[in-house]
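So this block is structure_1.txt, compact mmCIF, C-alpha atoms and all ligand atoms:
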# COMPACT_ATOMS: atom_id res chain seq x y z
CA MET A 1 0.00 0.00 0.00
CA SER A 2 1.35 3.44 -0.90
CA HIS A 3 0.98 6.22 1.63
CA THR A 4 2.44 8.93 -0.58
CA ARG A 5 0.49 12.14 -1.13
CA GLN A 6 -0.70 12.73 -4.70
CA GLY A 7 1.77 14.62 -6.84
CA VAL A 8 4.74 13.60 -4.65
CA ARG A 9 7.40 11.10 -5.71
CA PRO A 10 6.38 7.79 -4.05
CA MET A 11 8.30 7.07 -0.86
CA THR A 12 10.01 3.73 -0.54
CA PRO A 13 9.23 2.09 2.80
CA TYR A 14 12.00 0.53 4.88
CA TYR A 15 9.53 -2.26 5.74
CA ASN A 16 6.06 -3.05 4.47
CA ARG A 17 4.30 -6.20 5.57
CA ASP A 18 1.06 -7.41 7.18
CA GLY A 19 -0.41 -3.93 7.43
CA VAL A 20 2.72 -2.39 8.98
CA THR A 21 4.67 0.18 6.98
CA LEU A 22 7.85 1.74 8.33
CA TYR A 23 9.62 4.72 6.76
CA GLN A 24 13.21 5.59 7.68
CA GLY A 25 13.84 9.33 7.82
CA ASP A 26 12.94 12.59 9.51
CA ALA A 27 9.38 12.59 10.85
CA LEU A 28 8.53 16.09 9.68
CA ALA A 29 9.75 15.47 6.12
CA ILE A 30 7.95 12.13 5.81
CA LEU A 31 4.74 13.37 7.42
CA ARG A 32 4.64 16.13 4.80
CA ASP A 33 4.58 13.50 2.05
CA LEU A 34 1.80 11.40 3.60
CA PRO A 35 -1.73 11.87 2.23
CA GLY A 36 -4.33 13.73 4.30
CA ALA A 37 -6.83 11.92 6.53
CA CYS A 38 -5.18 8.49 6.43
CA ALA A 39 -4.70 7.82 10.17
CA ASP A 40 -7.36 6.88 12.73
CA ALA A 41 -5.03 7.56 15.67
CA VAL A 42 -1.61 9.15 16.21
CA ILE A 43 0.57 7.78 19.00
CA ALA A 44 3.78 9.78 19.35
CA ASP A 45 6.72 9.19 21.66
CA PRO A 46 9.15 11.91 20.53
CA PRO A 47 12.55 12.54 22.09
CA TYR A 48 11.59 14.40 25.30
CA SER A 49 14.52 16.82 25.20
CA SER A 50 14.41 16.51 28.95
CA GLY A 51 16.54 14.64 31.50
CA GLY A 52 19.01 16.27 33.86
CA LEU A 53 18.52 19.19 36.18
CA PHE A 54 20.29 21.84 34.20
CA ARG A 55 20.02 23.27 30.73
CA GLY A 56 23.47 21.85 29.90
CA ASP A 57 22.27 18.35 30.86
CA ARG A 58 19.32 18.60 28.50
CA THR A 59 21.02 20.08 25.50
CA THR A 60 24.55 18.73 25.48
CA ARG A 61 24.48 15.23 27.02
CA ASP A 62 23.65 12.31 24.75
CA THR A 63 20.73 9.99 25.44
CA ALA A 64 23.02 7.17 26.54
CA THR A 65 24.10 9.14 29.60
CA LYS A 66 20.89 11.15 30.18
CA TYR A 67 18.43 8.28 30.38
CA VAL A 68 20.63 5.52 31.78
CA HIS A 69 21.45 5.30 35.49
CA THR A 70 25.15 5.73 36.25
CA GLY A 71 27.01 2.45 35.78
CA ALA A 72 24.08 0.66 34.12
CA ALA A 73 24.55 -1.20 30.85
CA LEU A 74 23.26 0.49 27.71
CA ALA A 75 19.98 -0.95 26.40
CA GLY A 76 20.29 0.06 22.74
CA PRO A 77 22.08 2.75 20.71
CA ALA A 78 21.91 6.44 21.67
CA PHE A 79 19.45 8.46 19.55
CA THR A 80 19.41 11.99 18.15
CA GLY A 81 16.92 14.86 18.31
CA ASP A 82 16.91 15.01 22.11
CA ASN A 83 18.80 18.25 22.68
CA ARG A 84 16.40 21.11 22.00
CA ASP A 85 15.81 23.75 24.63
CA GLN A 86 12.20 24.36 25.62
CA ARG A 87 11.44 27.13 23.12
CA SER A 88 12.78 25.21 20.16
CA TYR A 89 11.16 22.00 21.44
CA LEU A 90 7.80 23.79 21.46
CA ALA A 91 8.36 25.12 17.93
CA TRP A 92 9.49 21.74 16.57
CA CYS A 93 6.66 19.78 18.23
CA SER A 94 4.09 22.29 16.94
CA LEU A 95 5.34 21.71 13.38
CA TRP A 96 5.12 17.93 13.37
CA LEU A 97 1.90 17.93 15.39
CA ALA A 98 0.29 20.21 12.76
CA GLU A 99 1.35 17.73 10.06
CA CYS A 100 -0.05 14.86 12.13
CA LEU A 101 -3.36 16.73 12.30
CA ARG A 102 -3.45 16.98 8.51
CA VAL A 103 -2.75 13.26 8.24
CA ALA A 104 -5.39 12.37 10.88
CA LYS A 105 -9.02 11.61 10.09
CA PRO A 106 -11.67 13.82 11.70
CA GLY A 107 -12.19 12.69 15.31
CA ALA A 108 -8.88 10.79 15.41
CA LEU A 109 -7.25 10.51 18.82
CA LEU A 110 -3.71 11.67 19.56
CA VAL A 111 -1.45 10.58 22.43
CA VAL A 112 1.93 12.32 22.90
CA PHE A 113 4.24 11.01 25.62
CA THR A 114 6.24 13.30 27.85
CA ASP A 115 7.66 13.65 31.37
CA TRP A 116 6.80 16.08 34.18
CA ARG A 117 9.35 18.64 33.04
CA GLN A 118 8.08 18.88 29.47
CA LEU A 119 4.38 18.43 30.27
CA PRO A 120 3.42 22.14 30.02
CA THR A 121 5.41 22.54 26.79
CA THR A 122 3.81 19.44 25.32
CA THR A 123 0.24 20.53 26.10
CA ASP A 124 1.06 23.90 24.51
CA ALA A 125 2.53 22.21 21.42
CA VAL A 126 -0.49 19.92 21.01
CA GLN A 127 -2.80 22.92 20.96
CA ALA A 128 -0.46 25.01 18.79
CA GLY A 129 -0.54 22.11 16.32
CA GLY A 130 -4.32 22.53 16.09
CA TRP A 131 -5.46 19.55 18.17
CA ILE A 132 -8.13 19.78 20.87
CA TRP A 133 -6.39 18.92 24.14
CA ARG A 134 -8.60 16.57 26.17
CA GLY A 135 -6.58 15.25 29.09
CA ILE A 136 -3.60 13.41 30.54
CA ILE A 137 -3.05 9.65 30.79
CA PRO A 138 -0.59 8.95 33.63
CA TRP A 139 1.76 6.03 33.12
CA THR A 140 2.86 5.07 36.63
CA LYS A 141 5.77 2.75 37.41
CA PRO A 142 6.22 0.49 40.42
CA LEU A 143 8.56 1.73 43.17
CA GLY A 144 12.06 0.48 42.58
CA ARG A 145 11.56 0.74 38.79
CA CYS A 146 11.72 4.55 38.67
CA ARG A 147 13.89 7.37 40.03
CA PRO A 148 13.96 8.08 43.78
CA VAL A 149 14.30 11.72 44.84
CA LYS A 150 15.90 11.97 48.27
CA GLY A 151 13.92 14.41 50.41
CA GLY A 152 11.09 14.50 47.81
CA PHE A 153 8.79 12.14 45.91
CA TRP A 154 9.71 9.27 43.61
CA GLN A 155 9.59 10.31 39.95
CA GLN A 156 7.02 7.63 39.37
CA ALA A 157 5.06 8.77 36.33
CA GLU A 158 5.30 9.77 32.70
CA TYR A 159 2.32 11.14 30.83
CA GLY A 160 0.37 10.69 27.64
CA VAL A 161 -1.16 14.02 26.63
CA TRP A 162 -4.29 13.10 24.72
CA ALA A 163 -6.26 15.16 22.24
CA SER A 164 -8.58 14.83 19.27
CA ALA A 165 -8.72 16.06 15.71
CA GLY A 166 -11.85 18.17 16.16
CA PRO A 167 -14.93 16.74 17.90
CA LEU A 168 -14.61 13.24 19.36
CA ARG A 169 -15.72 10.30 17.28
CA LYS A 170 -19.20 9.11 18.13
CA GLU A 171 -19.83 6.43 15.55
CA PRO A 172 -22.48 3.89 16.57
CA ASP A 173 -19.99 1.04 16.10
CA TYR A 174 -16.92 2.71 17.58
CA ALA A 175 -17.12 5.20 20.42
CA PRO A 176 -14.80 3.56 22.96
CA CYS A 177 -14.42 4.66 26.54
CA LEU A 178 -10.79 3.78 27.18
CA VAL A 179 -9.02 3.29 30.50
CA GLY A 180 -7.31 6.58 31.44
CA HIS A 181 -4.08 5.36 33.07
CA VAL A 182 -1.52 2.56 32.95
CA ASN A 183 0.53 1.06 35.76
CA ALA A 184 3.43 -0.97 34.41
CA ALA A 185 7.20 -1.25 34.68
CA SER A 186 9.46 -0.46 31.74
CA PRO A 187 10.88 -3.63 30.24
CA HIS A 188 13.94 -4.85 32.08
CA ARG A 189 17.17 -3.53 30.56
CA SER A 190 18.13 -7.00 29.34
CA GLU A 191 14.85 -7.26 27.38
CA ARG A 192 14.82 -3.73 25.94
CA VAL A 193 15.52 -2.89 22.33
CA HIS A 194 15.40 0.88 23.00
CA ILE A 195 16.92 2.99 25.78
CA THR A 196 13.59 4.65 26.56
CA GLU A 197 11.31 1.77 25.58
CA LYS A 198 7.76 1.83 26.92
CA PRO A 199 6.06 -1.30 28.26
CA ARG A 200 3.69 -3.29 26.11
CA GLU A 201 0.80 -2.39 28.46
CA VAL A 202 1.17 1.24 27.36
CA PHE A 203 1.16 0.32 23.68
CA ASP A 204 -1.72 -2.14 24.04
CA LEU A 205 -3.88 0.61 25.54
CA CYS A 206 -2.84 3.07 22.82
CA ALA A 207 -3.69 0.55 20.10
CA GLN A 208 -7.32 0.83 21.20
CA ALA A 209 -7.34 4.50 20.17
CA ALA A 210 -8.02 3.40 16.58
CA PRO A 211 -11.03 1.29 15.64
CA PRO A 212 -10.43 -2.38 14.71
CA GLY A 213 -8.93 -2.45 11.22
CA GLY A 214 -8.02 1.23 11.49
CA THR A 215 -4.59 2.79 11.02
CA ILE A 216 -2.25 4.02 13.74
CA LEU A 217 0.49 6.51 12.93
CA ASP A 218 3.65 6.43 15.09
CA PRO A 219 6.08 9.14 13.94
CA PHE A 220 8.87 8.13 16.42
CA VAL A 221 8.97 4.36 16.28
CA GLY A 222 12.11 3.64 18.35
CA GLY A 223 12.19 -0.08 19.10
CA GLY A 224 8.86 -0.68 17.35
CA GLY A 225 6.66 -1.52 20.36
CA MET A 226 3.72 0.49 18.97
CA LEU A 227 3.90 -1.24 15.60
CA VAL A 228 3.91 -4.66 17.26
CA ALA A 229 0.97 -3.69 19.49
CA ALA A 230 -1.01 -2.31 16.53
CA ARG A 231 -0.58 -5.56 14.67
CA ARG A 232 -1.59 -7.73 17.63
CA ALA A 233 -4.71 -5.56 18.07
CA GLY A 234 -5.68 -5.99 14.42
CA ARG A 235 -4.84 -2.41 13.43
CA SER A 236 -2.62 -1.27 10.56
CA ALA A 237 0.33 0.97 11.35
CA ILE A 238 2.46 3.62 9.67
CA GLY A 239 5.74 4.22 11.47
CA ILE A 240 8.59 6.69 11.01
CA GLU A 241 12.05 6.42 12.56
CA LEU A 242 15.15 8.49 11.87
CA SER A 243 17.77 6.03 13.07
CA PRO A 244 18.61 3.15 10.72
CA ASP A 245 19.74 1.14 13.78
CA TYR A 246 16.33 1.52 15.39
CA CYS A 247 14.52 0.77 12.11
CA ALA A 248 16.41 -2.52 12.08
CA ALA A 249 15.56 -3.11 15.76
CA ALA A 250 11.87 -2.43 15.09
CA VAL A 251 11.80 -4.90 12.21
CA GLU A 252 13.46 -7.51 14.41
CA HIS A 253 10.89 -6.75 17.13
CA LEU A 254 8.07 -7.33 14.61
CA ALA A 255 9.65 -10.62 13.56
CA ARG A 256 10.05 -11.71 17.20
CA GLY A 257 6.41 -10.85 17.95
CA GLU A 258 5.33 -12.93 14.97
CA ARG A 259 7.39 -15.93 16.09
CA GLN A 260 6.06 -15.73 19.65
CA GLY A 261 2.43 -15.25 18.61
CA ASP A 262 1.34 -11.79 19.75
CA GLN A 263 -0.88 -11.68 22.82
CA THR A 264 -2.38 -8.44 24.10
CA SER A 265 -1.68 -7.53 27.74
CA LEU A 266 -5.15 -5.97 27.99
CA GLU A 267 -8.14 -7.67 29.43
CA LEU A 268 -10.74 -6.11 27.21
CA ALA A 269 -14.26 -5.86 28.49
C1 LIG B 301 11.52 8.30 22.82
S1 LIG B 301 12.16 7.38 21.51
C2 LIG B 301 10.81 6.30 21.04
C3 LIG B 301 10.81 5.04 21.87
C4 LIG B 301 9.73 4.06 21.46
N1 LIG B 301 8.41 4.52 21.79
C5 LIG B 301 9.96 2.71 22.14
O1 LIG B 301 9.23 2.36 23.07
O2 LIG B 301 10.92 2.02 21.75
C6 LIG B 301 12.18 8.54 20.20
C7 LIG B 301 12.70 8.01 18.88
O3 LIG B 301 12.56 9.03 17.91
C8 LIG B 301 13.65 8.95 17.00
N2 LIG B 301 13.80 10.28 16.39
C9 LIG B 301 14.49 11.36 16.85
N3 LIG B 301 14.34 12.41 16.02
C10 LIG B 301 13.54 11.98 15.00
C11 LIG B 301 13.03 12.60 13.84
N4 LIG B 301 13.29 13.89 13.57
N5 LIG B 301 12.24 11.88 13.01
C12 LIG B 301 11.96 10.57 13.29
N6 LIG B 301 12.42 9.92 14.38
C13 LIG B 301 13.20 10.62 15.23
C14 LIG B 301 14.83 8.54 17.84
O4 LIG B 301 15.80 7.87 17.05
C15 LIG B 301 14.17 7.60 18.88
O5 LIG B 301 14.29 6.26 18.50

Mind turning the file's structure into structure tokens?
Amino acid sequence: MSHTRQGVRPMTPYYNRDGVTLYQGDALAILRDLPGACADAVIADPPYSSGGLFRGDRTTRDTATKYVHTGAALAGPAFTGDNRDQRSYLAWCSLWLAECLRVAKPGALLVVFTDWRQLPTTTDAVQAGGWIWRGIIPWTKPLGRCRPVKGGFWQQAEYGVWASAGPLRKEPDYAPCLVGHVNAASPHRSERVHITEKPREVFDLCAQAAPPGGTILDPFVGGGGMLVAARRAGRSAIGIELSPDYCAAAVEHLARGERQGDQTSLELA
């Protein structure tokens, strides 16, 4: 299936099989070449451009040292695009979020992941991109699997900022009322394909944002967890990833899921 906008030279996918298409390249450039209104949901886990207490930590350290505890083994290659300051992060997110809105069908749901530090910037960017901001989905982690803050509170949550492309969908056959939080640990370092990989419980919930048979767009694929979850939920997926190493990891993840027989972690009512 071709996802290229009319009048644009067809893009060659890095991978295209069983309803999953992955493009290798810059999200903004590839989004601009996708046709309008082709996605039923957009699930985005961009580089947070966060991590570290000081501006220098955010903008000059690489992801391998920012997001990995001192002395811990690396769980995948470092990735780029994680060093914008807050003003440029807001500008950049607004650009790709506006393109995602063009690519989304009316009523499509959007989830953008972020941490506490970038939460206000992300909710601003979602609205600047033209989406209707609807709420926050907390992803909480068990104690011992997140960062302790001596004298304060454990940094126990990340957040999915959710929004819609105009009014919410209210089709007679698909107007879901989805669970509004997830409690799950990140995969253990030895099982991770990506440094900042999210757990399958997060992706399984997000896969429900599109109707069965619908299409999920993930502009920052990383290790491919969202693509795998979309497939096991019977949704199609369009993914974009800048790093060739992570494109390869995502394809391997898809192959592993296929061999193991994908099982959702959700108990659906
Ligand atoms: C936070 S990670 C995604 C992790 C993924 N959700 C997972 O669980 O494995 C963000 C990803 O975006 C990729 N990335 C960074 N800048 C990008 C860009 N401009 N276009 C596309 N992908 C980009 C990085 O290589 C990284 O793999």

Find the distance between atom CA of Arg134 of chain A and atom CA of Leu110 of chain A and write it in Å to one decimal.
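Atom CA of Leu110 of chain A lies 9.6 Å from atom CA of Arg134 of chain A.
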
Between atom CA of Gly180 of chain A and atom CA of Tyr159 of chain A, distance in Å (one decimal):
10.7 Å

Which residues of chain A come within 7 Å of ligand LIG 301 (chain B), and for each one, what is the closest pair of atoms and their distance in Å to one decimal, counting all atoms listed in the file, sorted by chain and residue number, as CSV?
residue,atom,partner,partner_atom,distance
A:Gly25,CA,B:LIG301,C12,5.9
A:Asp26,CA,B:LIG301,N5,3.6
A:Ala27,CA,B:LIG301,N5,3.7
A:Leu28,CA,B:LIG301,N5,6.5
A:Asp45,CA,B:LIG301,N1,5.0
A:Pro46,CA,B:LIG301,C6,4.5
A:Pro47,CA,B:LIG301,C1,4.4
A:Tyr48,CA,B:LIG301,C1,6.6
A:Phe79,CA,B:LIG301,O4,4.5
A:Thr80,CA,B:LIG301,C9,5.1
A:Gly81,CA,B:LIG301,N3,4.2
A:Asp82,CA,B:LIG301,C9,6.8
A:Val193,CA,B:LIG301,O2,6.8
A:His194,CA,B:LIG301,O2,4.8
A:Thr196,CA,B:LIG301,C3,5.5
A:Glu197,CA,B:LIG301,O1,3.3
A:Lys198,CA,B:LIG301,O1,4.2
A:Pro219,CA,B:LIG301,C12,6.1
A:Phe220,CA,B:LIG301,O3,4.1
A:Val221,CA,B:LIG301,C4,5.2
A:Gly222,CA,B:LIG301,O5,3.4
A:Gly223,CA,B:LIG301,O2,3.6
A:Gly224,CA,B:LIG301,O2,5.6
A:Gly225,CA,B:LIG301,O1,5.4
A:Met226,CA,B:LIG301,N1,6.8
A:Ile240,CA,B:LIG301,C12,5.6
A:Glu241,CA,B:LIG301,N6,4.0
A:Leu242,CA,B:LIG301,N6,4.0
A:Ser243,CA,B:LIG301,O4,4.8
A:Tyr246,CA,B:LIG301,O5,6.0

Could you dump the residues just selected with C-alpha atoms as a PDB file, in the frame of the given file?
ATOM      1  CA  GLY A  25      13.840   9.330   7.820  1.00  0.00           C
ATOM      2  CA  ASP A  26      12.940  12.590   9.510  1.00  0.00           C
ATOM      3  CA  ALA A  27       9.380  12.590  10.850  1.00  0.00           C
ATOM      4  CA  LEU A  28       8.530  16.090   9.680  1.00  0.00           C
ATOM      5  CA  ASP A  45       6.720   9.190  21.660  1.00  0.00           C
ATOM      6  CA  PRO A  46       9.150  11.910  20.530  1.00  0.00           C
ATOM      7  CA  PRO A  47      12.550  12.540  22.090  1.00  0.00           C
ATOM      8  CA  TYR A  48      11.590  14.400  25.300  1.00  0.00           C
ATOM      9  CA  PHE A  79      19.450   8.460  19.550  1.00  0.00           C
ATOM     10  CA  THR A  80      19.410  11.990  18.150  1.00  0.00           C
ATOM     11  CA  GLY A  81      16.920  14.860  18.310  1.00  0.00           C
ATOM     12  CA  ASP A  82      16.910  15.010  22.110  1.00  0.00           C
ATOM     13  CA  VAL A 193      15.520  -2.890  22.330  1.00  0.00           C
ATOM     14  CA  HIS A 194      15.400   0.880  23.000  1.00  0.00           C
ATOM     15  CA  THR A 196      13.590   4.650  26.560  1.00  0.00           C
ATOM     16  CA  GLU A 197      11.310   1.770  25.580  1.00  0.00           C
ATOM     17  CA  LYS A 198       7.760   1.830  26.920  1.00  0.00           C
ATOM     18  CA  PRO A 219       6.080   9.140  13.940  1.00  0.00           C
ATOM     19  CA  PHE A 220       8.870   8.130  16.420  1.00  0.00           C
ATOM     20  CA  VAL A 221       8.970   4.360  16.280  1.00  0.00           C
ATOM     21  CA  GLY A 222      12.110   3.640  18.350  1.00  0.00           C
ATOM     22  CA  GLY A 223      12.190  -0.080  19.100  1.00  0.00           C
ATOM     23  CA  GLY A 224       8.860  -0.680  17.350  1.00  0.00           C
ATOM     24  CA  GLY A 225       6.660  -1.520  20.360  1.00  0.00           C
ATOM     25  CA  MET A 226       3.720   0.490  18.970  1.00  0.00           C
ATOM     26  CA  ILE A 240       8.590   6.690  11.010  1.00  0.00           C
ATOM     27  CA  GLU A 241      12.050   6.420  12.560  1.00  0.00           C
ATOM     28  CA  LEU A 242      15.150   8.490  11.870  1.00  0.00           C
ATOM     29  CA  SER A 243      17.770   6.030  13.070  1.00  0.00           C
ATOM     30  CA  TYR A 246      16.330   1.520  15.390  1.00  0.00           C
TER      31      TYR A 246
END

Using only C-alpha atoms: which of A:Glu201, A:Gly76, A:Arg32, A:Ala98 has the shortest distance to Arg189 of chain A
A:Gly76

Counting all atoms listed in the file, which of A:Ile43, A:Leu227, A:Ala233, A:Ile238 gets nearest to Val251 of chain A?
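Once distances to Val251 of chain A are computed over all atoms listed in the file, the minimum belongs to A:Leu227.
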
What does the distance from atom CA of Ala209 of chain A to atom CA of Arg259 of chain A come to in Å, to one decimal?
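Value for the atom CA of Ala209 of chain A-atom CA of Arg259 of chain A distance: 25.5 Å.
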
Between A:Lys170, A:Val42, A:Arg9, A:Asp245, which residue has the minimum interatomic distance to Ala207 of chain A, considering all atoms listed in the file?
A:Val42

Residue contacts of Ala255 of chain A (12 Å, all atoms listed in the file) excluding same-chain residues fewer than 6 positions away, as a PyMOL selection string:
chain A and resi 15+17-18+20+224-225+227-228+231+248-249+261-262

With all atoms listed in the file as the atoms that count, which of A:Leu178, A:Leu143, A:Val8, A:Leu266 lies nearest to Ala210 of chain A?
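Selected residue with least distance to Ala210 of chain A: A:Leu178.
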
Contact residues around Ala37 of chain A with only C-alpha atoms at 7 Å, ignoring same-chain residues under 4 positions, as JSON, numbers by chain:
{"A": [102, 103, 104, 105]}

Taking all atoms listed in the file into account, name the residue in A:Thr21, A:Arg235, A:Gln118, A:Glu99 that is nearest to Ala250 of chain A.
A:Thr21

Give me the residues within 10 Å of Gly144 of chain A as a tab-separated table (two decimals) with C-alpha atoms, keeping the file's coordinate frame, counting all atoms listed in the file and dropping any in the same chain fewer than 6 places off.
chain	number	residue	atom	x	y	z
A	154	TRP	CA	9.71	9.27	43.61
A	156	GLN	CA	7.02	7.63	39.37
A	185	ALA	CA	7.20	-1.25	34.68

Dig up all the protein and nucleic acid residues within 7 Å of (7.6, 10.4, 0.5) in the file frame, using all atoms listed in the file, and format them as number ranges by chain.
A: 4, 8-11, 30, 33-34

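The shortest atom-to-atom distance to Gly107 of chain A, with all atoms listed in the file taken into account, belongs to A:Asp40 out of A:Asp218, A:Glu258, A:Asp40, A:Asp204.
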